[in-house]
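Undergrad: The following file, target_0.tsv, comprises TSV, N, CA and C atoms:
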```
chain	number	residue	atom	x	y	z
A	513	MET	N	90.47	63.08	-258.51
A	513	MET	CA	90.15	64.49	-258.61
A	513	MET	C	89.69	64.76	-260.04
A	514	ALA	N	88.52	65.29	-260.19
A	514	ALA	CA	87.98	65.57	-261.52
A	514	ALA	C	88.69	66.77	-262.12
A	515	PRO	N	88.84	66.79	-263.47
A	515	PRO	CA	89.55	67.90	-264.12
A	515	PRO	C	88.96	69.26	-263.80
A	516	SER	N	87.63	69.37	-263.75
A	516	SER	CA	87.03	70.67	-263.45
A	516	SER	C	87.38	71.11	-262.02
A	517	ASP	N	87.44	70.14	-261.09
A	517	ASP	CA	87.85	70.47	-259.72
A	517	ASP	C	89.30	70.95	-259.70
A	518	LEU	N	90.13	70.28	-260.46
A	518	LEU	CA	91.54	70.66	-260.54
A	518	LEU	C	91.68	72.05	-261.15
A	519	ARG	N	90.94	72.30	-262.22
A	519	ARG	CA	90.99	73.62	-262.86
A	519	ARG	C	90.58	74.70	-261.87
A	520	ASP	N	89.49	74.46	-261.13
A	520	ASP	CA	89.02	75.43	-260.15
A	520	ASP	C	90.08	75.68	-259.07
A	521	GLN	N	90.71	74.61	-258.63
A	521	GLN	CA	91.73	74.75	-257.60
A	521	GLN	C	92.95	75.50	-258.12
A	522	LEU	N	93.36	75.20	-259.36
A	522	LEU	CA	94.50	75.92	-259.94
A	522	LEU	C	94.18	77.40	-260.15
A	523	GLU	N	92.97	77.69	-260.59
A	523	GLU	CA	92.57	79.09	-260.76
A	523	GLU	C	92.50	79.81	-259.42
A	524	HIS	N	92.03	79.10	-258.41
A	524	HIS	CA	91.98	79.69	-257.06
A	524	HIS	C	93.40	79.92	-256.55
A	525	LEU	N	94.30	78.98	-256.79
A	525	LEU	CA	95.69	79.13	-256.38
A	525	LEU	C	96.33	80.33	-257.09
A	526	HIS	N	96.03	80.48	-258.37
A	526	HIS	CA	96.55	81.62	-259.13
A	526	HIS	C	96.07	82.94	-258.51
A	527	ALA	N	94.79	83.00	-258.17
A	527	ALA	CA	94.24	84.20	-257.54
A	527	ALA	C	94.90	84.46	-256.18
A	528	LEU	N	95.15	83.40	-255.43
A	528	LEU	CA	95.81	83.56	-254.13
A	528	LEU	C	97.22	84.10	-254.29
A	529	ILE	N	97.93	83.62	-255.29
A	529	ILE	CA	99.30	84.08	-255.53
A	529	ILE	C	99.30	85.57	-255.88
A	530	LEU	N	98.34	85.99	-256.68
A	530	LEU	CA	98.25	87.41	-257.02
A	530	LEU	C	97.90	88.26	-255.79
A	531	ARG	N	96.99	87.74	-254.94
A	531	ARG	CA	96.66	88.45	-253.69
A	531	ARG	C	97.86	88.51	-252.76
A	532	GLU	N	98.63	87.42	-252.73
A	532	GLU	CA	99.84	87.37	-251.90
A	532	GLU	C	100.82	88.47	-252.32
A	533	ARG	N	101.01	88.64	-253.62
A	533	ARG	CA	101.92	89.66	-254.13
A	533	ARG	C	101.45	91.06	-253.74
A	534	GLU	N	100.15	91.31	-253.90
A	534	GLU	CA	99.62	92.63	-253.56
A	534	GLU	C	99.75	92.91	-252.07
A	535	ALA	N	99.49	91.92	-251.25
A	535	ALA	CA	99.63	92.10	-249.80
A	535	ALA	C	101.09	92.38	-249.44
A	536	ALA	N	102.01	91.69	-250.09
A	536	ALA	CA	103.44	91.92	-249.83
A	536	ALA	C	103.86	93.32	-250.28
A	537	LYS	N	103.41	93.74	-251.44
A	537	LYS	CA	103.76	95.07	-251.94
A	537	LYS	C	103.18	96.16	-251.05
A	538	ASN	N	102.01	95.93	-250.48
A	538	ASN	CA	101.37	96.91	-249.60
A	538	ASN	C	101.80	96.78	-248.14
A	539	LEU	N	102.67	95.80	-247.86
A	539	LEU	CA	103.13	95.51	-246.50
A	539	LEU	C	101.97	95.24	-245.55
A	540	ASP	N	100.93	94.59	-246.06
A	540	ASP	CA	99.77	94.22	-245.26
A	540	ASP	C	100.01	92.82	-244.68
A	541	MET	N	100.64	92.78	-243.53
A	541	MET	CA	101.07	91.51	-242.96
A	541	MET	C	99.90	90.62	-242.53
A	542	ARG	N	98.81	91.23	-242.09
A	542	ARG	CA	97.65	90.43	-241.69
A	542	ARG	C	97.08	89.70	-242.91
A	543	ALA	N	96.88	90.43	-244.00
A	543	ALA	CA	96.35	89.82	-245.22
A	543	ALA	C	97.34	88.80	-245.78
A	544	LEU	N	98.63	89.11	-245.71
A	544	LEU	CA	99.65	88.19	-246.21
A	544	LEU	C	99.62	86.88	-245.44
A	545	GLY	N	99.51	86.96	-244.12
A	545	GLY	CA	99.44	85.74	-243.31
A	545	GLY	C	98.23	84.89	-243.65
A	546	THR	N	97.09	85.54	-243.85
A	546	THR	CA	95.86	84.82	-244.20
A	546	THR	C	96.00	84.14	-245.56
A	547	VAL	N	96.53	84.87	-246.53
A	547	VAL	CA	96.69	84.31	-247.88
A	547	VAL	C	97.68	83.16	-247.87
A	548	ILE	N	98.77	83.30	-247.15
A	548	ILE	CA	99.78	82.24	-247.11
A	548	ILE	C	99.20	80.97	-246.50
A	549	GLN	N	98.42	81.12	-245.45
A	549	GLN	CA	97.81	79.95	-244.82
A	549	GLN	C	96.85	79.25	-245.79
A	550	GLU	N	96.01	80.04	-246.45
A	550	GLU	CA	95.07	79.48	-247.42
A	550	GLU	C	95.81	78.83	-248.59
A	551	LYS	N	96.87	79.46	-249.03
A	551	LYS	CA	97.68	78.93	-250.13
A	551	LYS	C	98.32	77.60	-249.74
A	552	ASP	N	98.86	77.52	-248.53
A	552	ASP	CA	99.47	76.27	-248.06
A	552	ASP	C	98.46	75.13	-248.02
A	553	GLU	N	97.26	75.43	-247.53
A	553	GLU	CA	96.22	74.39	-247.47
A	553	GLU	C	95.84	73.92	-248.87
A	554	LEU	N	95.73	74.84	-249.80
A	554	LEU	CA	95.37	74.47	-251.17
A	554	LEU	C	96.49	73.67	-251.82
A	555	ILE	N	97.73	74.03	-251.59
A	555	ILE	CA	98.86	73.28	-252.15
A	555	ILE	C	98.89	71.87	-251.59
A	556	GLN	N	98.57	71.72	-250.30
A	556	GLN	CA	98.50	70.38	-249.71
A	556	GLN	C	97.41	69.54	-250.40
A	557	ALA	N	96.27	70.18	-250.70
A	557	ALA	CA	95.18	69.47	-251.37
A	557	ALA	C	95.58	69.07	-252.79
A	558	LEU	N	96.40	69.87	-253.43
A	558	LEU	CA	96.83	69.57	-254.79
A	558	LEU	C	97.94	68.53	-254.83
A	559	GLY	N	98.49	68.18	-253.68
A	559	GLY	CA	99.61	67.24	-253.62
A	559	GLY	C	99.31	65.85	-254.16
A	560	ALA	N	98.06	65.42	-254.13
A	560	ALA	CA	97.70	64.07	-254.59
A	560	ALA	C	97.55	64.01	-256.11
A	561	PHE	N	97.63	65.13	-256.77
A	561	PHE	CA	97.42	65.21	-258.21
A	561	PHE	C	98.57	64.56	-258.96
A	562	GLN	N	98.25	63.79	-260.01
A	562	GLN	CA	99.27	63.08	-260.78
A	562	GLN	C	99.38	63.56	-262.23
A	563	GLU	N	98.28	63.56	-262.96
A	563	GLU	CA	98.32	63.88	-264.39
A	563	GLU	C	97.21	64.87	-264.74
A	564	CYS	N	97.42	65.58	-265.87
A	564	CYS	CA	96.39	66.48	-266.36
A	564	CYS	C	96.54	66.65	-267.86
A	565	ASP	N	95.51	67.24	-268.47
A	565	ASP	CA	95.57	67.46	-269.91
A	565	ASP	C	96.44	68.69	-270.22
A	566	GLU	N	96.62	68.96	-271.51
A	566	GLU	CA	97.52	70.04	-271.94
A	566	GLU	C	97.05	71.41	-271.46
A	567	GLU	N	95.76	71.65	-271.49
A	567	GLU	CA	95.23	72.95	-271.06
A	567	GLU	C	95.50	73.21	-269.58
A	568	LEU	N	95.31	72.17	-268.77
A	568	LEU	CA	95.59	72.31	-267.35
A	568	LEU	C	97.09	72.43	-267.07
A	569	THR	N	97.89	71.80	-267.91
A	569	THR	CA	99.34	71.92	-267.77
A	569	THR	C	99.77	73.37	-267.99
A	570	GLU	N	99.16	74.03	-268.98
A	570	GLU	CA	99.47	75.43	-269.24
A	570	GLU	C	99.08	76.31	-268.05
A	571	LEU	N	97.92	76.03	-267.47
A	571	LEU	CA	97.48	76.79	-266.30
A	571	LEU	C	98.43	76.54	-265.12
A	572	ALA	N	98.84	75.30	-264.94
A	572	ALA	CA	99.77	74.96	-263.85
A	572	ALA	C	101.11	75.67	-264.05
A	573	GLU	N	101.57	75.78	-265.30
A	573	GLU	CA	102.83	76.49	-265.58
A	573	GLU	C	102.68	77.98	-265.29
A	574	LYS	N	101.52	78.54	-265.59
A	574	LYS	CA	101.26	79.95	-265.30
A	574	LYS	C	101.30	80.18	-263.79
A	575	VAL	N	100.68	79.28	-263.04
A	575	VAL	CA	100.68	79.37	-261.58
A	575	VAL	C	102.11	79.28	-261.06
A	576	ARG	N	102.88	78.36	-261.61
A	576	ARG	CA	104.28	78.19	-261.18
A	576	ARG	C	105.09	79.47	-261.45
A	577	ASP	N	104.90	80.06	-262.64
A	577	ASP	CA	105.64	81.27	-262.99
A	577	ASP	C	105.28	82.44	-262.07
A	578	GLU	N	103.99	82.59	-261.75
A	578	GLU	CA	103.57	83.66	-260.84
A	578	GLU	C	104.12	83.43	-259.44
A	579	ASN	N	104.16	82.19	-259.03
A	579	ASN	CA	104.70	81.86	-257.71
A	579	ASN	C	106.20	82.17	-257.65
A	580	ARG	N	106.91	81.91	-258.75
A	580	ARG	CA	108.34	82.24	-258.81
A	580	ARG	C	108.55	83.75	-258.74
A	581	ARG	N	107.66	84.51	-259.37
A	581	ARG	CA	107.74	85.98	-259.29
A	581	ARG	C	107.63	86.43	-257.84
A	582	ASN	N	106.68	85.82	-257.11
A	582	ASN	CA	106.52	86.17	-255.70
A	582	ASN	C	107.77	85.78	-254.90
A	583	ALA	N	108.32	84.61	-255.20
A	583	ALA	CA	109.52	84.17	-254.49
A	583	ALA	C	110.66	85.16	-254.72
A	584	TYR	N	110.79	85.65	-255.95
A	584	TYR	CA	111.84	86.63	-256.24
A	584	TYR	C	111.58	87.93	-255.49
A	585	LEU	N	110.32	88.36	-255.41
A	585	LEU	CA	109.97	89.56	-254.66
A	585	LEU	C	110.36	89.41	-253.19
A	586	PHE	N	110.03	88.27	-252.58
A	586	PHE	CA	110.36	88.05	-251.18
A	586	PHE	C	111.87	87.96	-250.98
A	587	TRP	N	112.56	87.30	-251.91
A	587	TRP	CA	114.02	87.17	-251.83
A	587	TRP	C	114.68	88.55	-251.92
A	588	SER	N	114.21	89.38	-252.83
A	588	SER	CA	114.76	90.73	-252.99
A	588	SER	C	114.51	91.56	-251.73
A	589	GLY	N	113.31	91.45	-251.17
A	589	GLY	CA	112.99	92.17	-249.94
A	589	GLY	C	113.87	91.74	-248.79
A	590	LEU	N	114.11	90.44	-248.68
A	590	LEU	CA	114.96	89.92	-247.61
A	590	LEU	C	116.39	90.45	-247.77
A	591	ASN	N	116.89	90.46	-249.00
A	591	ASN	CA	118.24	90.99	-249.23
A	591	ASN	C	118.32	92.47	-248.90
A	592	LEU	N	117.28	93.22	-249.20
A	592	LEU	CA	117.26	94.64	-248.87
A	592	LEU	C	117.33	94.84	-247.36
A	593	VAL	N	116.58	94.04	-246.61
A	593	VAL	CA	116.62	94.14	-245.15
A	593	VAL	C	118.01	93.78	-244.64
A	594	ARG	N	118.61	92.73	-245.18
A	594	ARG	CA	119.96	92.32	-244.74
A	594	ARG	C	120.98	93.42	-245.02
A	595	GLU	N	120.94	93.99	-246.22
A	595	GLU	CA	121.87	95.06	-246.57
A	595	GLU	C	121.66	96.28	-245.68
A	596	SER	N	120.42	96.60	-245.38
A	596	SER	CA	120.13	97.74	-244.50
A	596	SER	C	120.69	97.49	-243.11
A	597	MET	N	120.49	96.29	-242.59
A	597	MET	CA	121.01	95.96	-241.26
A	597	MET	C	122.53	96.04	-241.23
A	598	GLU	N	123.19	95.54	-242.28
A	598	GLU	CA	124.65	95.61	-242.34
A	598	GLU	C	125.11	97.08	-242.36
A	599	PHE	N	124.43	97.91	-243.11
A	599	PHE	CA	124.78	99.33	-243.18
A	599	PHE	C	124.67	99.97	-241.82
A	600	PHE	N	123.55	99.75	-241.13
A	600	PHE	CA	123.35	100.40	-239.83
A	600	PHE	C	124.28	99.84	-238.76
A	601	GLU	N	124.65	98.58	-238.86
A	601	GLU	CA	125.59	98.01	-237.90
A	601	GLU	C	126.96	98.65	-238.04
A	602	LYS	N	127.32	99.05	-239.25
A	602	LYS	CA	128.62	99.69	-239.48
A	602	LYS	C	128.63	101.14	-238.99
A	603	GLN	N	127.46	101.71	-238.73
A	603	GLN	CA	127.36	103.11	-238.33
A	603	GLN	C	127.53	103.32	-236.83
A	604	VAL	N	127.78	102.25	-236.09
A	604	VAL	CA	127.93	102.37	-234.63
A	604	VAL	C	129.27	103.04	-234.34
A	605	PRO	N	129.24	104.13	-233.59
A	605	PRO	CA	130.49	104.83	-233.26
A	605	PRO	C	131.32	104.03	-232.26
A	606	PRO	N	132.61	104.29	-232.22
A	606	PRO	CA	133.44	103.59	-231.24
A	606	PRO	C	133.06	104.03	-229.82
A	607	PRO	N	133.40	103.22	-228.82
A	607	PRO	CA	133.06	103.58	-227.44
A	607	PRO	C	133.71	104.90	-227.04
A	608	GLY	N	133.05	105.62	-226.19
A	608	GLY	CA	133.58	106.89	-225.70
A	608	GLY	C	133.57	106.92	-224.19
A	609	TYR	N	133.94	108.06	-223.64
A	609	TYR	CA	133.97	108.20	-222.20
A	609	TYR	C	132.95	109.24	-221.76
A	610	GLY	N	132.28	108.95	-220.67
A	610	GLY	CA	131.29	109.86	-220.12
A	610	GLY	C	131.94	111.00	-219.35
A	611	ALA	N	131.10	111.87	-218.75
A	611	ALA	CA	131.57	113.04	-218.00
A	611	ALA	C	132.40	112.67	-216.78
A	612	HIS	N	132.17	111.48	-216.22
A	612	HIS	CA	132.89	111.05	-215.02
A	612	HIS	C	134.07	110.14	-215.34
A	613	GLY	N	134.42	110.06	-216.61
A	613	GLY	CA	135.57	109.25	-217.00
A	613	GLY	C	135.27	107.78	-217.18
A	614	SER	N	134.00	107.40	-217.11
A	614	SER	CA	133.66	106.00	-217.29
A	614	SER	C	133.38	105.72	-218.77
A	615	LEU	N	133.62	104.49	-219.16
A	615	LEU	CA	133.42	104.08	-220.54
A	615	LEU	C	131.93	104.09	-220.86
A	616	SER	N	131.55	104.73	-221.95
A	616	SER	CA	130.16	104.83	-222.35
A	616	SER	C	129.90	103.84	-223.48
A	617	GLN	N	129.03	102.88	-223.23
A	617	GLN	CA	128.70	101.87	-224.24
A	617	GLN	C	127.56	102.36	-225.11
A	618	VAL	N	127.70	102.22	-226.40
A	618	VAL	CA	126.64	102.60	-227.33
A	618	VAL	C	125.92	101.33	-227.78
A	619	ARG	N	124.60	101.38	-227.79
A	619	ARG	CA	123.82	100.21	-228.22
A	619	ARG	C	124.06	99.92	-229.69
A	620	GLN	N	124.10	98.65	-230.01
A	620	GLN	CA	124.24	98.23	-231.39
A	620	GLN	C	123.02	98.69	-232.18
A	621	GLY	N	123.19	99.36	-233.29
A	621	GLY	CA	122.09	99.79	-234.13
A	621	GLY	C	121.68	101.22	-233.86
A	622	GLY	N	122.16	101.82	-232.80
A	622	GLY	CA	121.87	103.22	-232.53
A	622	GLY	C	120.41	103.48	-232.22
A	623	LYS	N	120.03	104.77	-232.25
A	623	LYS	CA	118.68	105.17	-231.88
A	623	LYS	C	117.65	104.72	-232.90
A	624	LEU	N	118.02	104.70	-234.18
A	624	LEU	CA	117.05	104.35	-235.21
A	624	LEU	C	116.52	102.94	-235.04
A	625	LEU	N	117.43	101.98	-234.86
A	625	LEU	CA	117.01	100.59	-234.75
A	625	LEU	C	116.48	100.23	-233.37
A	626	SER	N	116.81	101.02	-232.35
A	626	SER	CA	116.31	100.71	-231.02
A	626	SER	C	114.93	101.28	-230.78
A	627	GLY	N	114.47	102.15	-231.68
A	627	GLY	CA	113.15	102.74	-231.53
A	627	GLY	C	113.14	104.00	-230.70
A	628	ARG	N	114.29	104.55	-230.39
A	628	ARG	CA	114.37	105.76	-229.55
A	628	ARG	C	114.28	107.04	-230.37
A	629	ILE	N	114.21	106.95	-231.65
A	629	ILE	CA	114.16	108.16	-232.49
A	629	ILE	C	112.74	108.61	-232.68
```
Will you turn the file into structure tokens for me?

TA:
Amino acid sequence: MAPSDLRDQLEHLHALILREREAAKNLDMRALGTVIQEKDELIQALGAFQECDEELTELAEKVRDENRRNAYLFWSGLNLVRESMEFFEKQVPPPGYGAHGSLSQVRQGGKLLSGRI
């Protein structure tokens, strides 16, 4: 792999990582899926790479740092979803009885999570 090819690929990967972050922040799942697929293919192509000069090493470190920022963003988002789900699961009222004396079961997650609201 020629250094200029590697530089182009690293710069393209950097641009993809930035697009990935913007798509995630905007909750654009279609764009996010497209970027992730393209990013995976590019990372696979970069897998055969062994050595590079100092300038390319700096670019590779920049790409790594931006990718870690995205990973933290996704991790934080996942934790927010988990905490929200735990909160709503705790909001389920205890079972009650209907007008005819039968036990009334309440769906887990209530109307908000079932889509009935």

Undergrad: Please indicate the distance in Å from atom CA of A:Glu567 to atom CA of A:Asp520, rounded to one decimal place.

TA: 12.8 Å

Undergrad: Work out how far atom C of A:Asp540 is from atom N of A:Glu595, in Å to one decimal.

TA: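 Straight-line distance from atom N of A:Glu595 to atom C of A:Asp540 works out to 21.0 Å.
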
Undergrad: Looking only at helix (DSSP H, G or I) from DSSP on the backbone, list the matching residues of chain A as an MDAnalysis selection string.

TA: chainID A and resid 515:537 541:558 566:602 622:626

Undergrad: Please indicate the distance in Å from atom CA of A:Leu615 to atom CA of A:Phe600, rounded to one decimal place.

TA: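 Separation between atom CA of A:Leu615 and atom CA of A:Phe600: 22.1 Å.
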
Undergrad: With 12 Å as the threshold, what does the neighbourhood of (95.9, 88.0, -258.4) contain in terms of residues, counting only C-alpha atoms? Coordinates are those of the file; answer as a list in words.

TA: Glu523, His524, Leu525, His526, Ala527, Leu528, Ile529, Leu530, Arg531, Glu532, Arg533, Glu534, Ala535, Val547, Lys574, Val575, Glu578, Asn579 and Asn582 of chain A

Undergrad: With distances taken over all atoms listed in the file, which of A:Leu571, A:Ala583, A:Met541, A:Ala611 is nearest to A:Leu522?

TA: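 Answer, going by the shortest atom-to-atom distance: A:Leu571.
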